[in-house]
Structures are given as C-alpha cells and as structure tokens.
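What follows is the content of my_file_14.txt, which has compact mmCIF, C-alpha atoms:
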# COMPACT_ATOMS: atom_id res chain seq x y z
CA MET A 1 146.00 -11.41 10.79
CA GLY A 2 143.33 -13.42 9.10
CA ALA A 3 143.72 -13.95 5.42
CA SER A 4 147.35 -13.00 5.32
CA ASN A 5 148.51 -16.38 6.54
CA THR A 6 146.46 -18.38 4.07
CA ALA A 7 146.94 -19.38 0.48
CA GLN A 8 147.00 -16.49 -1.90
CA SER A 9 143.59 -15.57 -3.14
CA GLY A 10 142.54 -15.45 -6.72
CA THR A 11 142.50 -12.08 -8.34
CA PRO A 12 139.42 -10.75 -10.05
CA GLY A 13 139.76 -11.16 -13.77
CA ASN A 14 142.57 -13.63 -13.40
CA ASN A 15 141.94 -16.60 -15.66
CA LYS A 16 144.22 -18.98 -13.88
CA ARG A 17 142.24 -19.93 -10.80
CA ARG A 18 142.76 -22.10 -7.83
CA ALA A 19 139.82 -21.83 -5.51
CA ARG A 20 140.13 -21.65 -1.77
CA VAL A 21 137.56 -23.72 0.04
CA LEU A 22 136.10 -21.92 3.05
CA THR A 23 133.88 -23.87 5.41
CA VAL A 24 131.45 -21.93 7.58
CA THR A 25 130.55 -23.78 10.74
CA SER A 26 129.52 -23.16 14.34
CA GLY A 27 128.53 -26.16 16.40
CA LYS A 28 125.41 -24.48 17.68
CA GLY A 29 122.49 -23.96 15.37
CA GLY A 30 120.87 -20.63 14.66
CA VAL A 31 123.93 -18.41 15.06
CA GLY A 32 124.00 -17.30 11.43
CA LYS A 33 126.01 -19.81 9.40
CA THR A 34 123.70 -19.77 6.42
CA THR A 35 123.37 -16.00 6.48
CA THR A 36 127.15 -15.73 6.65
CA THR A 37 127.67 -18.16 3.77
CA ALA A 38 125.13 -16.40 1.56
CA ASN A 39 126.59 -13.00 2.31
CA LEU A 40 130.19 -14.06 1.77
CA GLY A 41 129.12 -15.51 -1.57
CA VAL A 42 127.44 -12.28 -2.61
CA ALA A 43 130.28 -10.15 -1.27
CA PHE A 44 132.96 -12.12 -3.14
CA ALA A 45 130.88 -11.91 -6.32
CA ARG A 46 130.47 -8.16 -5.92
CA LEU A 47 134.22 -7.86 -5.47
CA GLY A 48 134.63 -9.56 -8.83
CA TYR A 49 135.52 -13.09 -7.79
CA ARG A 50 134.05 -16.31 -9.13
CA VAL A 51 132.27 -18.10 -6.31
CA VAL A 52 130.36 -21.26 -5.54
CA VAL A 53 128.36 -21.53 -2.36
CA MET A 54 127.49 -25.03 -1.29
CA ASP A 55 124.84 -26.18 1.14
CA ALA A 56 126.14 -29.17 3.09
CA ASP A 57 123.08 -29.39 5.32
CA ILE A 58 121.47 -32.39 3.66
CA GLY A 59 117.85 -32.77 4.69
CA LEU A 60 117.49 -29.22 6.00
CA ARG A 61 118.43 -27.07 3.07
CA ASN A 62 118.21 -23.34 3.60
CA LEU A 63 120.94 -21.62 1.69
CA ASP A 64 118.77 -21.58 -1.45
CA VAL A 65 116.03 -19.69 0.39
CA VAL A 66 118.36 -17.18 1.98
CA MET A 67 119.81 -16.47 -1.47
CA GLY A 68 116.44 -16.29 -3.16
CA LEU A 69 117.18 -19.19 -5.51
CA GLU A 70 114.77 -21.80 -4.20
CA ASN A 71 112.59 -21.76 -7.31
CA ARG A 72 115.41 -22.66 -9.64
CA ILE A 73 116.50 -25.92 -8.10
CA VAL A 74 116.31 -28.91 -10.38
CA TYR A 75 119.19 -31.03 -9.15
CA ASP A 76 121.03 -31.02 -5.85
CA LEU A 77 124.22 -32.20 -4.20
CA VAL A 78 122.95 -35.74 -3.67
CA ASP A 79 121.94 -35.98 -7.35
CA VAL A 80 125.54 -35.17 -8.22
CA VAL A 81 126.95 -37.67 -5.76
CA GLU A 82 124.63 -40.41 -6.97
CA GLY A 83 125.28 -39.69 -10.62
CA ARG A 84 121.83 -38.49 -11.65
CA CYS A 85 123.22 -35.30 -13.09
CA LYS A 86 126.45 -33.60 -13.93
CA LEU A 87 127.96 -31.19 -11.44
CA ARG A 88 127.20 -28.30 -13.81
CA GLN A 89 123.52 -29.13 -13.83
CA ALA A 90 123.29 -28.79 -10.06
CA MET A 91 124.93 -25.36 -10.09
CA ILE A 92 122.39 -22.56 -9.98
CA LYS A 93 123.51 -19.24 -11.29
CA HIS A 94 122.56 -16.23 -9.21
CA LYS A 95 120.10 -13.79 -10.75
CA GLN A 96 122.27 -10.69 -10.42
CA PHE A 97 125.76 -12.16 -10.32
CA PRO A 98 126.76 -14.37 -13.22
CA ASP A 99 129.89 -15.49 -11.36
CA LEU A 100 128.01 -16.68 -8.28
CA TYR A 101 126.65 -20.22 -8.16
CA LEU A 102 124.76 -22.24 -5.59
CA ILE A 103 124.94 -26.00 -5.16
CA PRO A 104 121.87 -26.80 -3.09
CA ALA A 105 121.52 -29.59 -0.55
CA ALA A 106 118.93 -32.34 -0.99
CA GLN A 107 115.85 -31.74 1.07
CA THR A 108 114.51 -35.27 1.29
CA ARG A 109 117.63 -37.21 2.16
CA ASP A 110 119.89 -37.39 5.18
CA LYS A 111 123.53 -36.64 5.76
CA THR A 112 124.71 -40.16 5.07
CA ALA A 113 123.86 -39.65 1.39
CA VAL A 114 127.12 -37.68 1.08
CA SER A 115 130.56 -38.67 2.33
CA PRO A 116 133.58 -36.54 3.17
CA SER A 117 135.38 -37.91 0.11
CA ASN A 118 132.42 -36.95 -2.11
CA MET A 119 132.85 -33.40 -0.86
CA VAL A 120 136.55 -33.45 -1.60
CA GLU A 121 135.93 -34.76 -5.13
CA ILE A 122 133.30 -32.16 -5.92
CA THR A 123 135.40 -29.26 -4.72
CA GLN A 124 138.40 -30.58 -6.66
CA LYS A 125 136.36 -30.36 -9.84
CA LEU A 126 135.51 -26.75 -9.12
CA ARG A 127 138.86 -25.48 -7.96
CA ASP A 128 140.26 -24.58 -11.34
CA GLU A 129 137.28 -22.50 -12.35
CA PHE A 130 136.55 -20.54 -9.22
CA ASP A 131 138.26 -18.30 -6.70
CA PHE A 132 136.21 -19.24 -3.66
CA ILE A 133 134.07 -22.18 -2.67
CA VAL A 134 132.10 -21.40 0.47
CA ILE A 135 130.51 -24.36 2.24
CA ASP A 136 127.63 -23.96 4.66
CA SER A 137 128.04 -26.61 7.33
CA PRO A 138 125.09 -28.00 9.24
CA ALA A 139 124.94 -27.48 13.01
CA GLY A 140 126.36 -30.22 15.18
CA ILE A 141 129.58 -32.20 15.09
CA GLU A 142 128.42 -35.30 13.25
CA ARG A 143 128.53 -36.50 9.67
CA GLY A 144 127.32 -33.28 8.09
CA PHE A 145 129.97 -31.28 9.89
CA ARG A 146 132.65 -33.76 8.85
CA ASN A 147 131.42 -33.57 5.26
CA ALA A 148 131.71 -29.82 5.31
CA LEU A 149 135.12 -29.89 6.97
CA ALA A 150 136.74 -32.50 4.72
CA PRO A 151 137.52 -30.26 1.73
CA ALA A 152 138.18 -27.09 3.76
CA ASP A 153 141.32 -25.04 3.26
CA GLU A 154 140.13 -22.59 5.86
CA VAL A 155 137.44 -22.73 8.48
CA LEU A 156 135.28 -19.84 9.62
CA ILE A 157 133.52 -20.33 12.92
CA VAL A 158 130.40 -18.27 13.41
CA THR A 159 129.27 -17.57 16.93
CA ASN A 160 127.18 -15.12 18.91
CA PRO A 161 128.27 -13.34 22.08
CA GLU A 162 126.37 -15.79 24.26
CA VAL A 163 127.60 -18.42 26.66
CA SER A 164 126.09 -21.42 24.87
CA ALA A 165 127.21 -20.36 21.39
CA VAL A 166 130.75 -19.60 22.55
CA ARG A 167 130.98 -22.90 24.36
CA ASP A 168 129.97 -24.78 21.21
CA ALA A 169 132.38 -22.72 19.14
CA ASP A 170 135.16 -23.79 21.47
CA ARG A 171 134.31 -27.42 20.90
CA ILE A 172 134.47 -26.83 17.14
CA VAL A 173 137.85 -25.11 17.47
CA GLY A 174 139.16 -28.21 19.19
CA LEU A 175 137.73 -30.55 16.55
CA ILE A 176 139.15 -28.46 13.74
CA GLU A 177 142.58 -28.51 15.32
CA ALA A 178 142.34 -32.24 15.84
CA ALA A 179 141.44 -32.64 12.16
CA ASN A 180 144.39 -30.44 11.18
CA ARG A 181 142.18 -27.93 9.43
CA GLY A 182 143.07 -24.97 11.57
CA PRO A 183 143.67 -22.43 12.65
CA ALA A 184 140.04 -21.48 12.35
CA GLN A 185 139.00 -17.86 12.27
CA LEU A 186 136.12 -16.36 14.14
CA ILE A 187 133.10 -14.42 12.96
CA LEU A 188 131.21 -12.87 15.82
CA ASN A 189 127.64 -12.35 14.68
CA ARG A 190 124.72 -10.43 16.21
CA VAL A 191 126.85 -8.09 18.26
CA LYS A 192 124.87 -5.42 20.07
CA MET A 193 127.09 -2.51 20.90
CA ASP A 194 124.63 -0.85 23.26
CA MET A 195 124.42 -4.02 25.33
CA ILE A 196 128.21 -4.34 25.40
CA ARG A 197 128.39 -0.76 26.61
CA ARG A 198 126.06 -1.61 29.43
CA GLY A 199 128.07 -4.68 30.34
CA GLU A 200 125.22 -6.96 29.34
CA MET A 201 126.90 -8.74 26.46
CA LEU A 202 130.29 -10.35 25.91
CA SER A 203 132.49 -8.05 23.86
CA PRO A 204 134.55 -9.19 20.87
CA LYS A 205 137.60 -9.03 23.10
CA ASP A 206 135.93 -11.18 25.75
CA VAL A 207 135.12 -13.80 23.13
CA THR A 208 138.55 -13.83 21.54
CA ASP A 209 140.16 -13.98 25.00
CA ILE A 210 138.10 -17.03 25.75
CA LEU A 211 138.43 -18.85 22.44
CA ALA A 212 142.01 -17.80 21.72
CA ILE A 213 141.54 -17.71 17.96
CA GLN A 214 141.85 -14.93 15.42
CA ILE A 215 138.76 -12.91 14.68
CA ILE A 216 138.04 -11.99 11.09
CA GLY A 217 134.67 -10.35 11.43
CA ILE A 218 132.34 -8.59 13.81
CA VAL A 219 128.79 -8.40 12.51
CA PRO A 220 126.42 -6.09 14.30
CA ASP A 221 122.94 -7.24 15.12
CA ASP A 222 121.02 -5.58 12.35
CA GLU A 223 117.30 -5.46 11.77
CA SER A 224 117.82 -5.51 8.06
CA VAL A 225 118.91 -9.16 8.17
CA VAL A 226 115.47 -10.67 8.72
CA PRO A 227 113.70 -8.72 5.96
CA SER A 228 116.58 -9.57 3.67
CA SER A 229 116.10 -13.26 4.25
CA ASN A 230 112.34 -12.73 3.95
CA SER A 231 112.91 -11.59 0.42
CA GLY A 232 115.94 -13.71 -0.41
CA ILE A 233 118.26 -10.77 -0.91
CA PRO A 234 121.39 -11.09 1.27
CA VAL A 235 122.29 -7.90 3.15
CA ALA A 236 125.69 -7.79 1.45
CA MET A 237 123.78 -6.52 -1.59
CA ASN A 238 122.68 -3.52 0.45
CA ASP A 239 125.40 -0.92 0.90
CA LYS A 240 123.46 0.74 3.69
CA SER A 241 123.13 -2.31 5.89
CA LYS A 242 125.64 -2.40 8.73
CA ALA A 243 125.61 -6.17 8.75
CA GLY A 244 126.02 -6.13 4.98
CA ILE A 245 129.09 -3.93 5.28
CA ALA A 246 130.47 -6.21 7.98
CA PHE A 247 130.06 -9.27 5.78
CA THR A 248 131.65 -7.49 2.86
CA ASN A 249 134.55 -6.53 5.09
CA ILE A 250 135.03 -10.17 6.03
CA ALA A 251 135.15 -11.10 2.35
CA ARG A 252 137.69 -8.36 1.74
CA ARG A 253 139.84 -9.54 4.62
CA LEU A 254 139.69 -13.04 3.23
CA THR A 255 141.07 -11.76 -0.05
CA GLY A 256 144.03 -10.38 1.85
CA GLU A 257 142.92 -6.78 2.06
CA LYS A 258 143.55 -4.96 5.33
CA VAL A 259 140.21 -3.70 6.53
CA PRO A 260 140.06 -2.05 9.94
CA PHE A 261 137.38 -3.29 12.27
CA SER A 262 136.41 0.24 13.26
CA VAL A 263 134.81 0.82 9.87
CA LEU A 264 131.92 -1.28 11.06
CA GLU A 265 130.76 1.09 13.68
CA ASN A 266 129.43 4.41 12.49
CA SER A 267 129.68 5.93 15.94
CA GLY A 268 133.35 4.98 16.08
CA GLY A 269 134.62 5.65 19.57
CA PHE A 270 134.00 2.80 21.88
CA PHE A 271 133.71 0.16 19.23
CA SER A 272 136.91 1.00 17.47
CA ARG A 273 138.55 1.16 20.85
CA ILE A 274 137.48 -2.40 21.55
CA ALA A 275 138.45 -3.45 18.08
CA SER A 276 141.87 -1.93 18.39
CA ILE A 277 142.55 -3.84 21.58
CA PHE A 278 142.38 -7.20 19.87
CA GLY A 279 142.39 -6.42 16.19
CA GLY A 280 145.51 -4.32 16.03
CA GLY A 281 147.14 -6.53 13.44
CA ASN A 282 144.37 -6.11 10.97
CA ALA A 283 143.27 -2.63 11.82
CA ASN A 284 145.92 -0.57 10.23
CA MET B 1 131.51 7.61 27.10
CA PRO B 2 130.18 5.95 30.23
CA SER B 3 131.26 2.51 29.13
CA LEU B 4 134.90 3.38 29.23
CA ILE B 5 134.53 5.02 32.61
CA ASP B 6 132.70 1.97 33.84
CA ARG B 7 135.51 -0.19 32.63
CA LEU B 8 138.16 2.01 34.16
CA LEU B 9 136.38 2.01 37.48
CA GLY B 10 135.94 -1.71 37.25
CA ARG B 11 132.19 -1.33 37.44
CA THR B 12 131.72 -3.92 34.76
CA ARG B 13 133.13 -6.42 37.22
CA GLN B 14 129.63 -7.03 38.45
CA SER B 15 128.07 -7.00 35.01
CA SER B 16 126.42 -10.02 33.51
CA ALA B 17 128.92 -9.90 30.65
CA HIS B 18 131.66 -10.37 33.19
CA THR B 19 129.76 -13.22 34.79
CA ALA B 20 129.37 -14.79 31.36
CA LYS B 21 133.08 -14.56 30.73
CA GLU B 22 133.98 -16.10 34.06
CA ARG B 23 131.48 -18.89 33.64
CA LEU B 24 132.72 -19.62 30.14
CA GLN B 25 136.33 -19.72 31.22
CA PHE B 26 135.45 -22.18 33.94
CA ILE B 27 133.28 -24.34 31.67
CA LEU B 28 135.79 -24.40 28.84
CA VAL B 29 138.80 -25.37 30.86
CA HIS B 30 136.85 -28.40 32.04
CA ASP B 31 135.44 -29.08 28.57
CA ARG B 32 138.83 -28.95 26.96
CA ILE B 33 140.46 -31.35 29.35
CA ASP B 34 137.31 -33.47 29.50
CA LEU B 35 137.26 -33.47 33.27
CA PRO B 36 134.00 -32.26 34.79
CA PRO B 37 134.22 -30.34 38.09
CA GLU B 38 132.81 -33.29 39.99
CA ARG B 39 135.56 -35.62 38.77
CA LEU B 40 138.14 -32.99 39.59
CA ASN B 41 136.86 -32.90 43.17
CA GLU B 42 137.09 -36.65 43.37
CA MET B 43 140.66 -36.44 42.14
CA LYS B 44 141.48 -33.72 44.67
CA GLU B 45 140.25 -35.87 47.50
CA LYS B 46 142.36 -38.79 46.39
CA ILE B 47 145.46 -36.65 45.96
CA LEU B 48 145.01 -35.22 49.43
CA ALA B 49 144.41 -38.64 50.93
CA VAL B 50 147.70 -39.86 49.51
CA ILE B 51 149.67 -36.82 50.55
CA SER B 52 148.16 -36.86 54.02
CA GLU B 53 149.56 -40.35 54.55
CA PHE B 54 153.01 -38.85 54.47
CA VAL B 55 152.75 -35.29 55.68
CA ASP B 56 150.30 -33.07 57.51
CA VAL B 57 148.53 -30.83 55.10
CA ALA B 58 146.58 -27.66 55.82
CA ILE B 59 143.44 -29.04 54.20
CA ASP B 60 141.56 -25.76 54.34
CA ASP B 61 144.23 -23.91 52.41
CA VAL B 62 144.62 -26.45 49.62
CA ASP B 63 144.01 -25.16 46.15
CA ILE B 64 143.93 -27.62 43.28
CA ALA B 65 142.52 -26.27 40.05
CA LEU B 66 142.74 -26.52 36.31
CA ARG B 67 144.48 -23.67 34.64
CA GLN B 68 145.26 -22.84 31.08
CA ASN B 69 147.69 -20.45 29.51
CA ASP B 70 146.32 -21.06 26.06
CA ARG B 71 144.20 -23.66 24.35
CA ASN B 72 146.92 -26.29 24.19
CA SER B 73 148.53 -25.70 27.52
CA ASN B 74 146.24 -26.87 30.25
CA MET B 75 147.55 -27.90 33.61
CA ILE B 76 146.57 -28.88 37.08
CA VAL B 77 147.95 -26.36 39.49
CA ALA B 78 148.09 -27.52 43.06
CA GLU B 79 149.00 -25.51 46.07
CA ILE B 80 149.17 -27.79 49.05
CA PRO B 81 150.52 -26.07 52.13
CA PHE B 82 151.75 -28.04 55.10
CA ALA B 83 149.80 -27.91 58.29
CA HIS B 84 150.95 -25.18 60.60
CA SER B 85 152.21 -27.68 63.16
CA LEU B 86 155.08 -28.52 60.86
CA LEU B 87 156.46 -25.08 61.40
CA SER B 88 155.93 -25.08 65.12
CA ASP B 89 158.81 -23.86 67.24
CA GLU B 90 159.40 -27.29 68.57
CA GLU B 91 159.84 -28.84 65.18
CA ARG B 92 161.80 -25.94 63.88
CA ASP B 93 164.28 -26.52 66.63
CA GLU B 94 164.51 -30.19 65.90
CA ASN B 95 164.96 -29.81 62.21
CA ASP B 96 168.36 -28.76 61.09
CA ASP B 97 168.57 -25.85 58.66
CA MET B 98 168.92 -28.08 55.66
CA GLU B 99 165.64 -29.81 55.83
CA LEU B 100 163.07 -27.08 55.68
CA PRO B 101 164.43 -25.25 52.65
CA LEU B 102 164.69 -28.60 50.96
CA LEU B 103 161.05 -29.32 51.58
CA THR B 104 159.96 -25.95 50.37
CA GLU B 105 162.03 -26.25 47.27
CA LYS B 106 160.53 -29.58 46.43
CA ASP B 107 157.06 -28.22 46.88
CA ASP B 108 157.89 -25.40 44.50
CA ASP B 109 159.23 -27.80 41.95
CA ASP B 110 156.04 -29.80 41.87
CA ASP B 111 154.07 -26.68 41.18
CA ASP B 112 156.31 -25.26 38.56
CA GLN B 113 157.32 -28.20 36.50
CA PRO B 114 154.56 -28.07 33.90
CA THR B 115 154.60 -24.28 33.63
CA PRO B 116 156.90 -23.73 30.65

In structure tokens, write the structure found in this file.
Amino acid sequence: MGASNTAQSGTPGNNKRRARVLTVTSGKGGVGKTTTTANLGVAFARLGYRVVVMDADIGLRNLDVVMGLENRIVYDLVDVVEGRCKLRQAMIKHKQFPDLYLIPAAQTRDKTAVSPSNMVEITQKLRDEFDFIVIDSPAGIERGFRNALAPADEVLIVTNPEVSAVRDADRIVGLIEAANRGPAQLILNRVKMDMIRRGEMLSPKDVTDILAIQIIGIVPDDESVVPSSNSGIPVAMNDKSKAGIAFTNIARRLTGEKVPFSVLENSGGFFSRIASIFGGGNAN
Amino acid sequence: MPSLIDRLLGRTRQSSAHTAKERLQFILVHDRIDLPPERLNEMKEKILAVISEFVDVAIDDVDIALRQNDRNSNMIVAEIPFAHSLLSDEERDENDDMELPLLTEKDDDDDDQPTP
C-alpha cells in the first residue's frame, strides 16, 4: 500500500528530477506535524534524495528550530512571495546534508500573506531540482491549511491514538477528499505499546478501522524526541532512536520500498501481530 | 503475552481503548453526515409521527440510527416494527394471506434499498 500507488519517486543520483510534494497535516495541533516534517526531510536526505522542507505555518514558525537552523534565517517564505528576495536566497542548506534545504515561514506575519497559488508557484519552481518537497501545514482547517494543501501531490495526516486527535484527523480526511487531494495516508505518532497491551490506548488497527485510510507509519512514543528537538537534531539522524527508525521507515515507504511495520518494534510479538492485521499489504 | 489472551477472552471489551473506539465511531458518523445526535432524535420523532398516522408502530422497539459501511457510504437505518396488535389473532383472521407478506416485504425494502 502506501507509496506504491503514487507517482514514481525520484532515484538518488538521478539528474532528471520531478519532485513529489508531500503535505504533512493533522487538524489538531501538537500531534507531531513539525517533528514529522523535519524527520522526513532528514530521512530522505540520508537516503540520498534532494529535499526541500517548507514551513507553511506563517506567524508561528517552528520547523527551523526543530531542524536546528534558526540562526541561519535571513529571508523567509513571505519575502519570496512579496519579491524581496529570490527563492534561492530563502532556502537554507542543512549543516550536515547538502541536499536538504529549509524554506522557513515568516514569524511576524499572518497566514494571509501567502496564498494557495503562491504555494503552487513556489513548488513548481523547485520541482525540477528536487525529489521531495515536504510541507509542514499549520494546525486548523483555515487559510494556512489550504495553503499547504494547494500544491500537494500526496497528503500525510499525522495523528495520535487519542479521541480528539483522531476526530480531527477524520475531519481532515474529509476535507482532503473534497479537495481531490486524496487518498491521504496516515502516520500514527506517539504510540505506546505498553498502554495498547493494557487496553488503555487505541491501537493502530483501531485507528485505521475508524478512519478507513491507509497507514504509512507507526511512530512509537520515544523519549529521545524531546531532547532531539531541544538540540535541533531530528531523531532520524539517530540510528538508535525508535522514533527515528520509524520516521526513516516512512520515508523509505514513500520512495516505494516495502518496509514491514514489525521492524519498528524490537520486542516483535504483539506489535508485529497488530501490524500484520492491518498492514499486510506493506509488510511483506 | 497477556494482551493477546485478553483480546481472545474479550477482556479488552471493557477497556478504555475500547470505549474510545466506540465513542469515536459514534462521534464520527455524526460528524461526517453533519447531523448531531440531537437533530437525529428530532428527525426520529418526526418520522415516527408521520408513520404513526398510518399504522400502529411498536414505539419501544423502533431503532433509527446512522450507520456507515465506509467513509462514503453513510445511511440511516430504520427498523420500525408494527405494534403487536397488528398481528393479533383477530386481525390475522381478517386479513387474507396476501396482505401480511406484502406488508413485510415492503418494510424490508425500505430498509434495504440504500444498502448496496
């Protein structure tokens, strides 16, 4: 499932590129959109792809901080839109990965400073040079969300196994379908296996039953995520982080690789059993 | 692996995760069709008022609910049994054999039409 039904991905080292635009959204705030965007960016770069991550949360920029690039910002997305700089000048190269760029949001403006067609134009300019453009959508379903959705080839919905987050995710699924941008794929973040075992948390299968969309990633709740954002080093740079591995697996699935869900869980057993119930297509 | 045993024994039925799932399914079916439970109740009452003008309905056994097979196939499923008196011996005698099956069939039709 997942990436297999989407446009073919670029190949590392291929010089003829046609970027896929992935929009990361959620409805509810605080479920891990920015963390997901940053980690997908890093993971794609580590896999050898050329990537731009874009912060569409005008007025509340965060992607720069999570990626550790906040000190390098000179120009931002609104500067590009309003013609104060060239697109290139607003693209910040990552310290470790020369093929990973960030386009930061403006901090002092609001969402009306950018329009959906601005977003489409900007991504069009980048498509020939990159393999992936990952857009971090703001929370909510208003202008910022529509900006982030406008250029999307594929939409990734991040949610947590909690009633409120799943409800909001469902609303987003409906909006994405209405906008003809679907089918969206699901990333279930902050999954606590021990709580699922005790029947105290919705399982991945519960959530996919409810939302009726494909799942492309299950990210365990991992204590390494907070320190990683403390220091601006996404967990996908850390091969020992379970969340980092999960994010990398999502990136690999998006490139078309078949990555079983059971890899995520070192104790195997129960988790892979759950995964196999709903993830059979991908878990071969 | 207690979790699996729990699941097999259906112990998780009472778990809060199960409650969460049930609540979500209820919330979402109403969200998706944009019909809050209160409005649905209002609608139920009106439907029953209309039907009761024509036939006797077993009000206590009526079940009108939203149901969904998948995201894009939501429906109102109504089960509206006739009041018991309709099937009383007296009436059964009066009705010829044709009429009752016909009624039942029609009732079935109303339920099943949107299903496929």

Select, from A:Arg167, A:Pro116, A:Val31, A:Met54, the residue with the minimum atom-to-atom distance to Phe26 of chain B, counting only C-alpha atoms.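 So, comparing all the options, the nearest one is A:Arg167.
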
Of the listed residues B:Lys44, B:Arg39, B:His30, B:Arg71, that which approaches chain A most closely, counting all atoms listed in the file: B:Arg71

Which is closest to chain B among A:Lys205, A:Arg146, A:His94, A:Arg127, if we use all atoms listed in the file?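 Using all atoms listed in the file, chain B sits closest to A:Lys205.
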
Write down, as a PyMOL selection string, each residue of chain A that has any atom within 7 Å of an atom of chain B, counting all atoms listed in the file. chain A and resi 163+167+197-202+206+210+212

Non-local contacts of segment 47-49 of chain B (10 Å; only C-alpha atoms; under 5 positions in same chain excluded) as a list of chain:residue names: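 Surrounding residues, per the criterion: B:Asn41, B:Glu42, B:Phe54, B:Val55, B:Asp56, B:Val57, B:Ile59, B:Val62, B:Ile64, B:Ala78, B:Ile80.
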
So how many Å separate atom CA of Ile141 of chain A and atom CA of Ile172 of chain A, to one decimal? 7.5 Å

Determine, counting only C-alpha atoms, every residue of protein, DNA or RNA that lies within 12 Å of (133.1, -39.1, -3.1) in the file coordinates, then give the result as a list of chain:residue names. A:Leu77, A:Val78, A:Val80, A:Val81, A:Glu82, A:Gly83, A:Thr112, A:Ala113, A:Val114, A:Ser115, A:Pro116, A:Ser117, A:Asn118, A:Met119, A:Val120, A:Glu121, A:Ile122, A:Thr123, A:Gln124, A:Lys125, A:Asn147, A:Ala150, A:Pro151

Now that the selection is made, can you save its residues with C-alpha atoms as an mmCIF file, in the coordinates of the input?
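Saved the output as out_27.cif:
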data_model
loop_
_atom_site.group_PDB
_atom_site.id
_atom_site.type_symbol
_atom_site.label_atom_id
_atom_site.label_comp_id
_atom_site.auth_asym_id
_atom_site.auth_seq_id
_atom_site.Cartn_x
_atom_site.Cartn_y
_atom_site.Cartn_z
ATOM 1 C CA LEU A 77 124.220 -32.200 -4.200
ATOM 2 C CA VAL A 78 122.950 -35.740 -3.670
ATOM 3 C CA VAL A 80 125.540 -35.170 -8.220
ATOM 4 C CA VAL A 81 126.950 -37.670 -5.760
ATOM 5 C CA GLU A 82 124.630 -40.410 -6.970
ATOM 6 C CA GLY A 83 125.280 -39.690 -10.620
ATOM 7 C CA THR A 112 124.710 -40.160 5.070
ATOM 8 C CA ALA A 113 123.860 -39.650 1.390
ATOM 9 C CA VAL A 114 127.120 -37.680 1.080
ATOM 10 C CA SER A 115 130.560 -38.670 2.330
ATOM 11 C CA PRO A 116 133.580 -36.540 3.170
ATOM 12 C CA SER A 117 135.380 -37.910 0.110
ATOM 13 C CA ASN A 118 132.420 -36.950 -2.110
ATOM 14 C CA MET A 119 132.850 -33.400 -0.860
ATOM 15 C CA VAL A 120 136.550 -33.450 -1.600
ATOM 16 C CA GLU A 121 135.930 -34.760 -5.130
ATOM 17 C CA ILE A 122 133.300 -32.160 -5.920
ATOM 18 C CA THR A 123 135.400 -29.260 -4.720
ATOM 19 C CA GLN A 124 138.400 -30.580 -6.660
ATOM 20 C CA LYS A 125 136.360 -30.360 -9.840
ATOM 21 C CA ASN A 147 131.420 -33.570 5.260
ATOM 22 C CA ALA A 150 136.740 -32.500 4.720
ATOM 23 C CA PRO A 151 137.520 -30.260 1.730
#

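Near (133.5, -14.9, -11.4), the residues inside the 6 Å limit, counting all atoms listed in the file, come to Tyr49, Arg50 and Asp99 of chain A.
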
One decimal, in Å: what's the spacing between atom CA of Met43 of chain B and atom CA of Asp209 of chain A?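 The value is 28.3 Å.
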
Which residues are close to Arg72 of chain A, i.e. within 9 Å by only C-alpha atoms, leaving aside same-chain residues fewer than 3 positions away? Reply as a list in words.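 So the residues in contact are Asp64, Leu69, Ile92 and Lys93 of chain A.
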
Record the distance separating atom CA of Leu47 of chain A and atom CA of Leu87 of chain A, expressed in Å with one decimal.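 Interatomic distance, atom CA of Leu47 of chain A to atom CA of Leu87 of chain A: 24.9 Å.
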
Excluding same-chain residues fewer than 5 positions from Ala58 of chain B, what lies within 8 Å of it counting only C-alpha atoms, as a list of chain:residue names?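 With the cut-off at 8 Å, the set is B:Ile80, B:Pro81, B:Phe82, B:Ala83, B:His84.
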
So that I can check the surroundings of Leu60 of chain A, please list as a PyMOL selection string every protein, DNA and RNA residue that reaches within 9 Å of it, counting all atoms listed in the file and ignoring chain neighbours fewer than 4 positions away. chain A and resi 105-110+138

Among listed residues A:Leu22, A:Met237, A:Val158, A:Ala246, nearest Met67 of chain A (using all atoms listed in the file):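 That would be A:Met237, the residue with the smallest distance to Met67 of chain A.
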
Counting all atoms listed in the file, the residue of A:Lys33, A:Lys28, A:Arg61, A:Arg143 that sits nearest Leu156 of chain A: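 Answer, going by the shortest atom-to-atom distance: A:Lys33.
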
Pick the closest to Ala139 of chain A from A:Ala43, A:Ala169, A:Val74, A:Ala236: which is it, counting only C-alpha atoms?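 That would be A:Ala169, the residue with the smallest distance to Ala139 of chain A.
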
Any idea what's packed within 12 Å of Thr36 of chain A, counting all atoms listed in the file, ignoring anything in its chain fewer than 6 positions away? Could you give it as a PyMOL selection string? chain A and resi 22-26+30+42-44+53+63+66-67+134-137+156-159+186-190+217-219+225+229+234-236+243-244+246-251
